[in-house]
Amino acid sequence: MSTFKAGNASFRLSAVLLDISKRPLRFEKVASPILTQKLQFSSSAAGTKKDKVPFYGRPAPPSFSEASSLNFLQRVTVALHSATTALADPERGDAVAALGDVTGHMALMNLHDIMKKDETGRLILQDRPLIHNAAFDFDELEKKPGTFGHAYATFMKGHGFDPDGRSQVRFVQDPDLAYVMLRYRQCHDFWHVLTGLPPTVVGELGIKWLELFQTGLPVAALSATVGSLRLSVEERDLLNQHYLPWAIRVGKHNSKCTNLMNVYYEKE
């Protein structure tokens with residue numbers, strides 16, 4: 001196990017998640033230099049000064065519009081339509097997001113409880129930081145090597161990604177659970193940076209398996225299984241022999257380690 005100090009507190013992450021030699025990235029043709037160095041994390045409510053400003057600026061105030069109120073039949077209809085659309089075109093992020101909204105209630109309740117029981121998780125729920133493009137200065141972050149902000153900026157600029165690209169939450173009525181769902185979506189790129197997995201099809205599926213074991217969201221399972229249908233035989237072997245076992249090893253340590261939703265990445 002790897003322990004990262006944070007003032008008078010610390011959190012633990014599975015060594016198999018951060019150990020370069022054990023990550024399935026070494027089987028990828030796409031090289032990723034971002035995490036060849038060991039990143040130090042300091043997520044802890046106890047070890048965080050109240051006036052410390054996260055790398056993206058101060059947390060933006062929550063601004064959820066009232067979620068669409070759906071009865072049971074409407075939710076089933078949305079789920080079926082979204083699932084059908086996502087199966088036909090896995091790149092339809094709006095359909096995948098809608099499916100996640102209407103099928104994730106129990107998993108979101110569990111994630112919310114996990115965050116409430118953790119000191120840093122409670123701080124995230126209190127601050128409700130939102131990731132948006134206008135709050136970032138990637139050029140400035142790139143001047144701070146060795147920080148998580150630098151690794152994040154390198155990843156986002158290198159792949160031409162936009163922090164505003166994540167779908168909004170539309171069908172989760174409870175505002176607390178709606179924020180947890182949004183936080184999960186916005187952490188996706190953070191997890192790419194943390195694991196070093198590239199945004200290739202196989203790399204994305206590796207992240208989806210990790211998300212499934214970390215969050216329990218049904219949409220992660222759907223994305224991981226349906227996405228594998230698009231793979232070649234060689235890619236499917238890579239996924240089944242390396243990425244999936246890696247995600248399972250990480251998942252087995254989930255009860256002993258800090259859940260990735262309880263890391264305040266913006267303060268790293």
# chains A, B, ... in the order shown; residues from 1 in each chain; ligands from 1
>>> residues_around(residues="Ser228 of chain A", least_positions_apart="2", cutoff="12 Å", atoms="only C-alpha atoms", output="ChimeraX atom specification")
/A:87,90,201-206,208-209,221-226,230-240,243-244
>>> write_last_selection(atoms="N, CA and C atoms", output="PDB file, in the first residue's frame")
ATOM      1  N   LEU A  87     -26.375   1.981 -27.263  1.00  0.00           N
ATOM      2  CA  LEU A  87     -25.936   0.732 -27.894  1.00  0.00           C
ATOM      3  C   LEU A  87     -25.666   0.931 -29.385  1.00  0.00           C
ATOM      4  N   PRO A  90     -22.141   4.310 -29.161  1.00  0.00           N
ATOM      5  CA  PRO A  90     -21.534   4.504 -27.836  1.00  0.00           C
ATOM      6  C   PRO A  90     -20.927   5.884 -27.622  1.00  0.00           C
ATOM      7  N   VAL A 201      -9.442   3.643 -26.988  1.00  0.00           N
ATOM      8  CA  VAL A 201     -10.630   2.840 -26.681  1.00  0.00           C
ATOM      9  C   VAL A 201     -10.342   1.882 -25.532  1.00  0.00           C
ATOM     10  N   VAL A 202      -9.210   1.186 -25.610  1.00  0.00           N
ATOM     11  CA  VAL A 202      -8.871   0.225 -24.555  1.00  0.00           C
ATOM     12  C   VAL A 202      -8.591   0.957 -23.237  1.00  0.00           C
ATOM     13  N   GLY A 203      -7.907   2.098 -23.312  1.00  0.00           N
ATOM     14  CA  GLY A 203      -7.639   2.877 -22.107  1.00  0.00           C
ATOM     15  C   GLY A 203      -8.915   3.365 -21.448  1.00  0.00           C
ATOM     16  N   GLU A 204      -9.881   3.815 -22.265  1.00  0.00           N
ATOM     17  CA  GLU A 204     -11.161   4.271 -21.726  1.00  0.00           C
ATOM     18  C   GLU A 204     -11.909   3.125 -21.049  1.00  0.00           C
ATOM     19  N   LEU A 205     -11.844   1.946 -21.637  1.00  0.00           N
ATOM     20  CA  LEU A 205     -12.516   0.795 -21.036  1.00  0.00           C
ATOM     21  C   LEU A 205     -11.850   0.414 -19.711  1.00  0.00           C
ATOM     22  N   GLY A 206     -10.534   0.558 -19.646  1.00  0.00           N
ATOM     23  CA  GLY A 206      -9.851   0.316 -18.379  1.00  0.00           C
ATOM     24  C   GLY A 206     -10.338   1.267 -17.306  1.00  0.00           C
ATOM     25  N   LYS A 208     -13.282   2.716 -17.279  1.00  0.00           N
ATOM     26  CA  LYS A 208     -14.671   2.371 -16.970  1.00  0.00           C
ATOM     27  C   LYS A 208     -14.757   1.215 -15.983  1.00  0.00           C
ATOM     28  N   TRP A 209     -13.874   0.227 -16.138  1.00  0.00           N
ATOM     29  CA  TRP A 209     -13.862  -0.859 -15.159  1.00  0.00           C
ATOM     30  C   TRP A 209     -13.449  -0.344 -13.788  1.00  0.00           C
ATOM     31  N   ALA A 221     -20.839  -0.145 -15.814  1.00  0.00           N
ATOM     32  CA  ALA A 221     -20.839  -1.543 -16.255  1.00  0.00           C
ATOM     33  C   ALA A 221     -21.291  -1.644 -17.706  1.00  0.00           C
ATOM     34  N   LEU A 222     -22.338  -0.880 -18.061  1.00  0.00           N
ATOM     35  CA  LEU A 222     -22.826  -0.907 -19.435  1.00  0.00           C
ATOM     36  C   LEU A 222     -21.757  -0.410 -20.405  1.00  0.00           C
ATOM     37  N   SER A 223     -21.117   0.703 -20.052  1.00  0.00           N
ATOM     38  CA  SER A 223     -20.088   1.262 -20.927  1.00  0.00           C
ATOM     39  C   SER A 223     -18.935   0.285 -21.113  1.00  0.00           C
ATOM     40  N   ALA A 224     -18.544  -0.388 -20.011  1.00  0.00           N
ATOM     41  CA  ALA A 224     -17.410  -1.315 -20.072  1.00  0.00           C
ATOM     42  C   ALA A 224     -17.730  -2.540 -20.921  1.00  0.00           C
ATOM     43  N   THR A 225     -18.942  -3.055 -20.797  1.00  0.00           N
ATOM     44  CA  THR A 225     -19.290  -4.278 -21.531  1.00  0.00           C
ATOM     45  C   THR A 225     -19.625  -3.987 -22.986  1.00  0.00           C
ATOM     46  N   VAL A 226     -20.421  -2.942 -23.227  1.00  0.00           N
ATOM     47  CA  VAL A 226     -20.801  -2.609 -24.595  1.00  0.00           C
ATOM     48  C   VAL A 226     -19.587  -2.110 -25.381  1.00  0.00           C
ATOM     49  N   ARG A 230     -16.670  -3.283 -29.520  1.00  0.00           N
ATOM     50  CA  ARG A 230     -16.055  -2.549 -30.625  1.00  0.00           C
ATOM     51  C   ARG A 230     -14.581  -2.924 -30.818  1.00  0.00           C
ATOM     52  N   LEU A 231     -14.062  -3.767 -29.937  1.00  0.00           N
ATOM     53  CA  LEU A 231     -12.635  -4.072 -29.970  1.00  0.00           C
ATOM     54  C   LEU A 231     -12.295  -5.152 -30.983  1.00  0.00           C
ATOM     55  N   SER A 232     -11.075  -5.100 -31.455  1.00  0.00           N
ATOM     56  CA  SER A 232     -10.561  -6.190 -32.270  1.00  0.00           C
ATOM     57  C   SER A 232     -10.204  -7.351 -31.351  1.00  0.00           C
ATOM     58  N   VAL A 233      -9.892  -8.480 -31.908  1.00  0.00           N
ATOM     59  CA  VAL A 233      -9.517  -9.642 -31.098  1.00  0.00           C
ATOM     60  C   VAL A 233      -8.291  -9.323 -30.254  1.00  0.00           C
ATOM     61  N   GLU A 234      -7.310  -8.649 -30.858  1.00  0.00           N
ATOM     62  CA  GLU A 234      -6.087  -8.297 -30.135  1.00  0.00           C
ATOM     63  C   GLU A 234      -6.391  -7.344 -28.979  1.00  0.00           C
ATOM     64  N   GLU A 235      -7.236  -6.352 -29.238  1.00  0.00           N
ATOM     65  CA  GLU A 235      -7.581  -5.386 -28.195  1.00  0.00           C
ATOM     66  C   GLU A 235      -8.390  -6.047 -27.082  1.00  0.00           C
ATOM     67  N   ARG A 236      -9.280  -6.971 -27.460  1.00  0.00           N
ATOM     68  CA  ARG A 236     -10.087  -7.650 -26.443  1.00  0.00           C
ATOM     69  C   ARG A 236      -9.209  -8.513 -25.553  1.00  0.00           C
ATOM     70  N   ASP A 237      -8.215  -9.154 -26.139  1.00  0.00           N
ATOM     71  CA  ASP A 237      -7.274  -9.938 -25.335  1.00  0.00           C
ATOM     72  C   ASP A 237      -6.508  -9.033 -24.373  1.00  0.00           C
ATOM     73  N   LEU A 238      -6.105  -7.860 -24.861  1.00  0.00           N
ATOM     74  CA  LEU A 238      -5.399  -6.898 -24.020  1.00  0.00           C
ATOM     75  C   LEU A 238      -6.275  -6.477 -22.839  1.00  0.00           C
ATOM     76  N   LEU A 239      -7.543  -6.196 -23.130  1.00  0.00           N
ATOM     77  CA  LEU A 239      -8.473  -5.784 -22.076  1.00  0.00           C
ATOM     78  C   LEU A 239      -8.673  -6.895 -21.052  1.00  0.00           C
ATOM     79  N   ASN A 240      -8.953  -8.103 -21.524  1.00  0.00           N
ATOM     80  CA  ASN A 240      -9.283  -9.208 -20.628  1.00  0.00           C
ATOM     81  C   ASN A 240      -8.083  -9.732 -19.843  1.00  0.00           C
ATOM     82  N   TYR A 243      -6.073  -5.212 -18.515  1.00  0.00           N
ATOM     83  CA  TYR A 243      -6.818  -4.086 -17.947  1.00  0.00           C
ATOM     84  C   TYR A 243      -7.846  -4.546 -16.913  1.00  0.00           C
ATOM     85  N   LEU A 244      -8.638  -5.544 -17.257  1.00  0.00           N
ATOM     86  CA  LEU A 244      -9.668  -6.005 -16.337  1.00  0.00           C
ATOM     87  C   LEU A 244      -9.076  -6.590 -15.059  1.00  0.00           C
TER      88      LEU A 244
END
>>> closest_residue(among="A:Arg92, A:Arg249, A:His150, A:Arg170", to="Phe190 of chain A", atoms="only C-alpha atoms")
A:His150
>>> select_by_dssp(residues="segment 117-196 of chain A", states="helix (DSSP H, G or I)", output="PyMOL selection string")
chain A and resi 119-127+133-135+138-141+148-159+163-165+175-186+188-195
>>> closest_residue(among="A:Val219, A:Asp164, A:Leu111, A:His159", to="Thr200 of chain A", atoms="only C-alpha atoms")
A:His159
>>> residues_around(residues="Asn259 of chain A", least_positions_apart="6", cutoff="9 Å", atoms="only C-alpha atoms", output="ChimeraX atom specification")
/A:13,114-115,214-215
>>> write_last_selection(atoms="C-alpha atoms", output="PDB file, in the first residue's frame")
ATOM      1  CA  LEU A  13      -4.345   4.262  -2.307  1.00  0.00           C
ATOM      2  CA  ILE A 114     -19.104   7.099   1.513  1.00  0.00           C
ATOM      3  CA  MET A 115     -18.231  10.761   1.019  1.00  0.00           C
ATOM      4  CA  GLN A 214     -15.082   2.570  -7.318  1.00  0.00           C
ATOM      5  CA  THR A 215     -18.663   3.796  -7.762  1.00  0.00           C
TER       6      THR A 215
END
>>> closest_residue(among="A:Thr195, A:Asn262, A:Ser82, A:Thr154", to="Leu125 of chain A", atoms="only C-alpha atoms")
A:Asn262
>>> residues_around(residues="Glu142 of chain A", least_positions_apart="4", cutoff="10 Å", atoms="only C-alpha atoms", output="list in words")
Asp137, Phe138, Gly146, Thr147, Gly149, His150, Ala151, Tyr152, Ala153, Thr154 and Lys157 of chain A
>>> write_last_selection(atoms="N, CA and C atoms", output="short mmCIF file (atom, residue, chain, number, x, y, z; two decimals), in the first residue's frame")
data_model
loop_
_atom_site.label_atom_id
_atom_site.label_comp_id
_atom_site.auth_asym_id
_atom_site.auth_seq_id
_atom_site.Cartn_x
_atom_site.Cartn_y
_atom_site.Cartn_z
N ASP A 137 -6.15 28.20 -15.91
CA ASP A 137 -5.06 28.84 -16.65
C ASP A 137 -4.02 27.75 -16.88
N PHE A 138 -4.19 26.99 -17.95
CA PHE A 138 -3.32 25.85 -18.21
C PHE A 138 -1.87 26.27 -18.40
N GLY A 146 5.61 18.67 -11.27
CA GLY A 146 5.56 17.89 -10.04
C GLY A 146 4.26 18.01 -9.30
N THR A 147 3.36 18.87 -9.77
CA THR A 147 2.05 19.04 -9.13
C THR A 147 0.99 18.31 -9.94
N GLY A 149 -1.83 19.63 -10.72
CA GLY A 149 -2.33 20.60 -11.67
C GLY A 149 -1.52 20.60 -12.95
N HIS A 150 -0.20 20.46 -12.84
CA HIS A 150 0.66 20.41 -14.02
C HIS A 150 0.35 19.17 -14.86
N ALA A 151 0.22 18.02 -14.19
CA ALA A 151 -0.09 16.78 -14.91
C ALA A 151 -1.45 16.87 -15.59
N TYR A 152 -2.41 17.49 -14.91
CA TYR A 152 -3.76 17.64 -15.48
C TYR A 152 -3.72 18.55 -16.71
N ALA A 153 -3.02 19.68 -16.59
CA ALA A 153 -2.93 20.62 -17.71
C ALA A 153 -2.24 19.97 -18.91
N THR A 154 -1.18 19.20 -18.65
CA THR A 154 -0.47 18.52 -19.72
C THR A 154 -1.37 17.53 -20.44
N LYS A 157 -4.34 19.62 -22.38
CA LYS A 157 -3.85 20.34 -23.56
C LYS A 157 -3.29 19.37 -24.60
#
>>> closest_residue(among="A:Arg128, A:Val76, A:Pro145, A:Trp191", to="Glu211 of chain A", atoms="only C-alpha atoms")
A:Trp191
>>> closest_residue(among="A:Pro245, A:Glu268, A:Ala98, A:Leu212", to="Lys144 of chain A", atoms="only C-alpha atoms")
A:Glu268
>>> residues_around(residues="Met109 of chain A", least_positions_apart="5", cutoff="9 Å", atoms="only C-alpha atoms", output="list in words")
Gly104, Ile114, Leu177 and Val180 of chain A
>>> decode(residues="segment 145-191 of chain A", atoms="N, CA and C atoms", output="PDB file, in the first residue's frame")
ATOM      1  N   PRO A 145       5.791  22.073 -12.476  1.00  0.00           N
ATOM      2  CA  PRO A 145       6.031  20.625 -12.610  1.00  0.00           C
ATOM      3  C   PRO A 145       6.035  19.920 -11.264  1.00  0.00           C
ATOM      4  N   GLY A 146       5.613  18.670 -11.272  1.00  0.00           N
ATOM      5  CA  GLY A 146       5.561  17.892 -10.040  1.00  0.00           C
ATOM      6  C   GLY A 146       4.259  18.010  -9.301  1.00  0.00           C
ATOM      7  N   THR A 147       3.355  18.874  -9.774  1.00  0.00           N
ATOM      8  CA  THR A 147       2.051  19.037  -9.134  1.00  0.00           C
ATOM      9  C   THR A 147       0.989  18.309  -9.943  1.00  0.00           C
ATOM     10  N   PHE A 148      -0.121  18.023  -9.287  1.00  0.00           N
ATOM     11  CA  PHE A 148      -1.220  17.379  -9.995  1.00  0.00           C
ATOM     12  C   PHE A 148      -1.801  18.325 -11.040  1.00  0.00           C
ATOM     13  N   GLY A 149      -1.833  19.625 -10.716  1.00  0.00           N
ATOM     14  CA  GLY A 149      -2.331  20.597 -11.671  1.00  0.00           C
ATOM     15  C   GLY A 149      -1.523  20.597 -12.953  1.00  0.00           C
ATOM     16  N   HIS A 150      -0.203  20.462 -12.844  1.00  0.00           N
ATOM     17  CA  HIS A 150       0.662  20.408 -14.022  1.00  0.00           C
ATOM     18  C   HIS A 150       0.351  19.169 -14.856  1.00  0.00           C
ATOM     19  N   ALA A 151       0.216  18.016 -14.192  1.00  0.00           N
ATOM     20  CA  ALA A 151      -0.086  16.778 -14.910  1.00  0.00           C
ATOM     21  C   ALA A 151      -1.449  16.869 -15.592  1.00  0.00           C
ATOM     22  N   TYR A 152      -2.413  17.487 -14.915  1.00  0.00           N
ATOM     23  CA  TYR A 152      -3.756  17.639 -15.484  1.00  0.00           C
ATOM     24  C   TYR A 152      -3.723  18.552 -16.708  1.00  0.00           C
ATOM     25  N   ALA A 153      -3.024  19.683 -16.590  1.00  0.00           N
ATOM     26  CA  ALA A 153      -2.927  20.624 -17.714  1.00  0.00           C
ATOM     27  C   ALA A 153      -2.241  19.972 -18.907  1.00  0.00           C
ATOM     28  N   THR A 154      -1.179  19.197 -18.649  1.00  0.00           N
ATOM     29  CA  THR A 154      -0.466  18.517 -19.724  1.00  0.00           C
ATOM     30  C   THR A 154      -1.374  17.530 -20.442  1.00  0.00           C
ATOM     31  N   PHE A 155      -2.146  16.789 -19.666  1.00  0.00           N
ATOM     32  CA  PHE A 155      -3.064  15.803 -20.246  1.00  0.00           C
ATOM     33  C   PHE A 155      -4.151  16.484 -21.074  1.00  0.00           C
ATOM     34  N   MET A 156      -4.787  17.499 -20.526  1.00  0.00           N
ATOM     35  CA  MET A 156      -5.907  18.153 -21.199  1.00  0.00           C
ATOM     36  C   MET A 156      -5.444  18.873 -22.470  1.00  0.00           C
ATOM     37  N   LYS A 157      -4.338  19.621 -22.382  1.00  0.00           N
ATOM     38  CA  LYS A 157      -3.846  20.338 -23.557  1.00  0.00           C
ATOM     39  C   LYS A 157      -3.290  19.368 -24.596  1.00  0.00           C
ATOM     40  N   GLY A 158      -2.627  18.339 -24.127  1.00  0.00           N
ATOM     41  CA  GLY A 158      -2.027  17.386 -25.048  1.00  0.00           C
ATOM     42  C   GLY A 158      -3.051  16.663 -25.906  1.00  0.00           C
ATOM     43  N   HIS A 159      -4.248  16.456 -25.350  1.00  0.00           N
ATOM     44  CA  HIS A 159      -5.297  15.747 -26.084  1.00  0.00           C
ATOM     45  C   HIS A 159      -6.378  16.682 -26.612  1.00  0.00           C
ATOM     46  N   GLY A 160      -6.238  17.985 -26.361  1.00  0.00           N
ATOM     47  CA  GLY A 160      -7.222  18.939 -26.851  1.00  0.00           C
ATOM     48  C   GLY A 160      -8.571  18.818 -26.177  1.00  0.00           C
ATOM     49  N   PHE A 161      -8.579  18.423 -24.893  1.00  0.00           N
ATOM     50  CA  PHE A 161      -9.837  18.245 -24.176  1.00  0.00           C
ATOM     51  C   PHE A 161     -10.290  19.547 -23.524  1.00  0.00           C
ATOM     52  N   ASP A 162     -11.593  19.667 -23.334  1.00  0.00           N
ATOM     53  CA  ASP A 162     -12.202  20.849 -22.739  1.00  0.00           C
ATOM     54  C   ASP A 162     -12.847  20.458 -21.413  1.00  0.00           C
ATOM     55  N   PRO A 163     -12.497  21.118 -20.303  1.00  0.00           N
ATOM     56  CA  PRO A 163     -13.122  20.792 -19.011  1.00  0.00           C
ATOM     57  C   PRO A 163     -14.633  20.939 -19.018  1.00  0.00           C
ATOM     58  N   ASP A 164     -15.172  21.744 -19.955  1.00  0.00           N
ATOM     59  CA  ASP A 164     -16.618  21.928 -20.031  1.00  0.00           C
ATOM     60  C   ASP A 164     -17.315  20.817 -20.799  1.00  0.00           C
ATOM     61  N   GLY A 165     -16.548  19.813 -21.224  1.00  0.00           N
ATOM     62  CA  GLY A 165     -17.108  18.800 -22.109  1.00  0.00           C
ATOM     63  C   GLY A 165     -17.986  17.765 -21.442  1.00  0.00           C
ATOM     64  N   ARG A 166     -18.025  17.711 -20.118  1.00  0.00           N
ATOM     65  CA  ARG A 166     -18.824  16.700 -19.428  1.00  0.00           C
ATOM     66  C   ARG A 166     -20.299  17.071 -19.420  1.00  0.00           C
ATOM     67  N   SER A 167     -21.163  16.063 -19.621  1.00  0.00           N
ATOM     68  CA  SER A 167     -22.607  16.291 -19.666  1.00  0.00           C
ATOM     69  C   SER A 167     -23.144  16.726 -18.315  1.00  0.00           C
ATOM     70  N   GLN A 168     -24.125  17.612 -18.348  1.00  0.00           N
ATOM     71  CA  GLN A 168     -24.776  18.044 -17.129  1.00  0.00           C
ATOM     72  C   GLN A 168     -25.740  16.969 -16.631  1.00  0.00           C
ATOM     73  N   VAL A 169     -26.100  17.058 -15.359  1.00  0.00           N
ATOM     74  CA  VAL A 169     -27.049  16.121 -14.761  1.00  0.00           C
ATOM     75  C   VAL A 169     -28.460  16.626 -15.033  1.00  0.00           C
ATOM     76  N   ARG A 170     -29.315  15.777 -15.596  1.00  0.00           N
ATOM     77  CA  ARG A 170     -30.651  16.221 -15.998  1.00  0.00           C
ATOM     78  C   ARG A 170     -31.773  15.514 -15.254  1.00  0.00           C
ATOM     79  N   PHE A 171     -31.557  14.262 -14.852  1.00  0.00           N
ATOM     80  CA  PHE A 171     -32.667  13.481 -14.329  1.00  0.00           C
ATOM     81  C   PHE A 171     -32.436  12.955 -12.912  1.00  0.00           C
ATOM     82  N   VAL A 172     -31.624  13.650 -12.138  1.00  0.00           N
ATOM     83  CA  VAL A 172     -31.431  13.309 -10.722  1.00  0.00           C
ATOM     84  C   VAL A 172     -32.031  14.448  -9.916  1.00  0.00           C
ATOM     85  N   GLN A 173     -33.119  14.169  -9.200  1.00  0.00           N
ATOM     86  CA  GLN A 173     -33.868  15.236  -8.551  1.00  0.00           C
ATOM     87  C   GLN A 173     -33.219  15.728  -7.262  1.00  0.00           C
ATOM     88  N   ASP A 174     -32.658  14.814  -6.480  1.00  0.00           N
ATOM     89  CA  ASP A 174     -32.035  15.212  -5.227  1.00  0.00           C
ATOM     90  C   ASP A 174     -30.781  16.029  -5.524  1.00  0.00           C
ATOM     91  N   PRO A 175     -30.685  17.275  -5.042  1.00  0.00           N
ATOM     92  CA  PRO A 175     -29.535  18.117  -5.376  1.00  0.00           C
ATOM     93  C   PRO A 175     -28.207  17.562  -4.872  1.00  0.00           C
ATOM     94  N   ASP A 176     -28.212  16.878  -3.723  1.00  0.00           N
ATOM     95  CA  ASP A 176     -26.977  16.295  -3.211  1.00  0.00           C
ATOM     96  C   ASP A 176     -26.490  15.156  -4.112  1.00  0.00           C
ATOM     97  N   LEU A 177     -27.429  14.299  -4.518  1.00  0.00           N
ATOM     98  CA  LEU A 177     -27.061  13.192  -5.398  1.00  0.00           C
ATOM     99  C   LEU A 177     -26.703  13.698  -6.793  1.00  0.00           C
ATOM    100  N   ALA A 178     -27.366  14.767  -7.225  1.00  0.00           N
ATOM    101  CA  ALA A 178     -27.044  15.357  -8.528  1.00  0.00           C
ATOM    102  C   ALA A 178     -25.606  15.855  -8.539  1.00  0.00           C
ATOM    103  N   TYR A 179     -25.176  16.447  -7.418  1.00  0.00           N
ATOM    104  CA  TYR A 179     -23.790  16.907  -7.368  1.00  0.00           C
ATOM    105  C   TYR A 179     -22.818  15.729  -7.380  1.00  0.00           C
ATOM    106  N   VAL A 180     -23.138  14.658  -6.657  1.00  0.00           N
ATOM    107  CA  VAL A 180     -22.255  13.486  -6.643  1.00  0.00           C
ATOM    108  C   VAL A 180     -22.094  12.935  -8.064  1.00  0.00           C
ATOM    109  N   MET A 181     -23.196  12.878  -8.812  1.00  0.00           N
ATOM    110  CA  MET A 181     -23.123  12.394 -10.195  1.00  0.00           C
ATOM    111  C   MET A 181     -22.249  13.321 -11.044  1.00  0.00           C
ATOM    112  N   LEU A 182     -22.431  14.627 -10.886  1.00  0.00           N
ATOM    113  CA  LEU A 182     -21.625  15.568 -11.649  1.00  0.00           C
ATOM    114  C   LEU A 182     -20.154  15.459 -11.268  1.00  0.00           C
ATOM    115  N   ARG A 183     -19.888  15.307  -9.989  1.00  0.00           N
ATOM    116  CA  ARG A 183     -18.508  15.161  -9.521  1.00  0.00           C
ATOM    117  C   ARG A 183     -17.864  13.920 -10.120  1.00  0.00           C
ATOM    118  N   TYR A 184     -18.623  12.835 -10.168  1.00  0.00           N
ATOM    119  CA  TYR A 184     -18.130  11.593 -10.776  1.00  0.00           C
ATOM    120  C   TYR A 184     -17.737  11.836 -12.228  1.00  0.00           C
ATOM    121  N   ARG A 185     -18.586  12.518 -12.976  1.00  0.00           N
ATOM    122  CA  ARG A 185     -18.286  12.768 -14.386  1.00  0.00           C
ATOM    123  C   ARG A 185     -17.067  13.667 -14.546  1.00  0.00           C
ATOM    124  N   GLN A 186     -16.969  14.675 -13.704  1.00  0.00           N
ATOM    125  CA  GLN A 186     -15.864  15.616 -13.840  1.00  0.00           C
ATOM    126  C   GLN A 186     -14.545  15.038 -13.333  1.00  0.00           C
ATOM    127  N   CYS A 187     -14.611  13.972 -12.546  1.00  0.00           N
ATOM    128  CA  CYS A 187     -13.387  13.316 -12.070  1.00  0.00           C
ATOM    129  C   CYS A 187     -12.791  12.376 -13.117  1.00  0.00           C
ATOM    130  N   HIS A 188     -13.517  12.118 -14.188  1.00  0.00           N
ATOM    131  CA  HIS A 188     -13.062  11.151 -15.188  1.00  0.00           C
ATOM    132  C   HIS A 188     -11.674  11.502 -15.712  1.00  0.00           C
ATOM    133  N   ASP A 189     -11.468  12.751 -16.081  1.00  0.00           N
ATOM    134  CA  ASP A 189     -10.158  13.147 -16.598  1.00  0.00           C
ATOM    135  C   ASP A 189      -9.097  13.144 -15.504  1.00  0.00           C
ATOM    136  N   PHE A 190      -9.491  13.442 -14.263  1.00  0.00           N
ATOM    137  CA  PHE A 190      -8.548  13.343 -13.147  1.00  0.00           C
ATOM    138  C   PHE A 190      -8.038  11.910 -13.029  1.00  0.00           C
ATOM    139  N   TRP A 191      -8.921  10.935 -13.235  1.00  0.00           N
ATOM    140  CA  TRP A 191      -8.532   9.534 -13.090  1.00  0.00           C
ATOM    141  C   TRP A 191      -7.639   9.083 -14.235  1.00  0.00           C
TER     142      TRP A 191
END
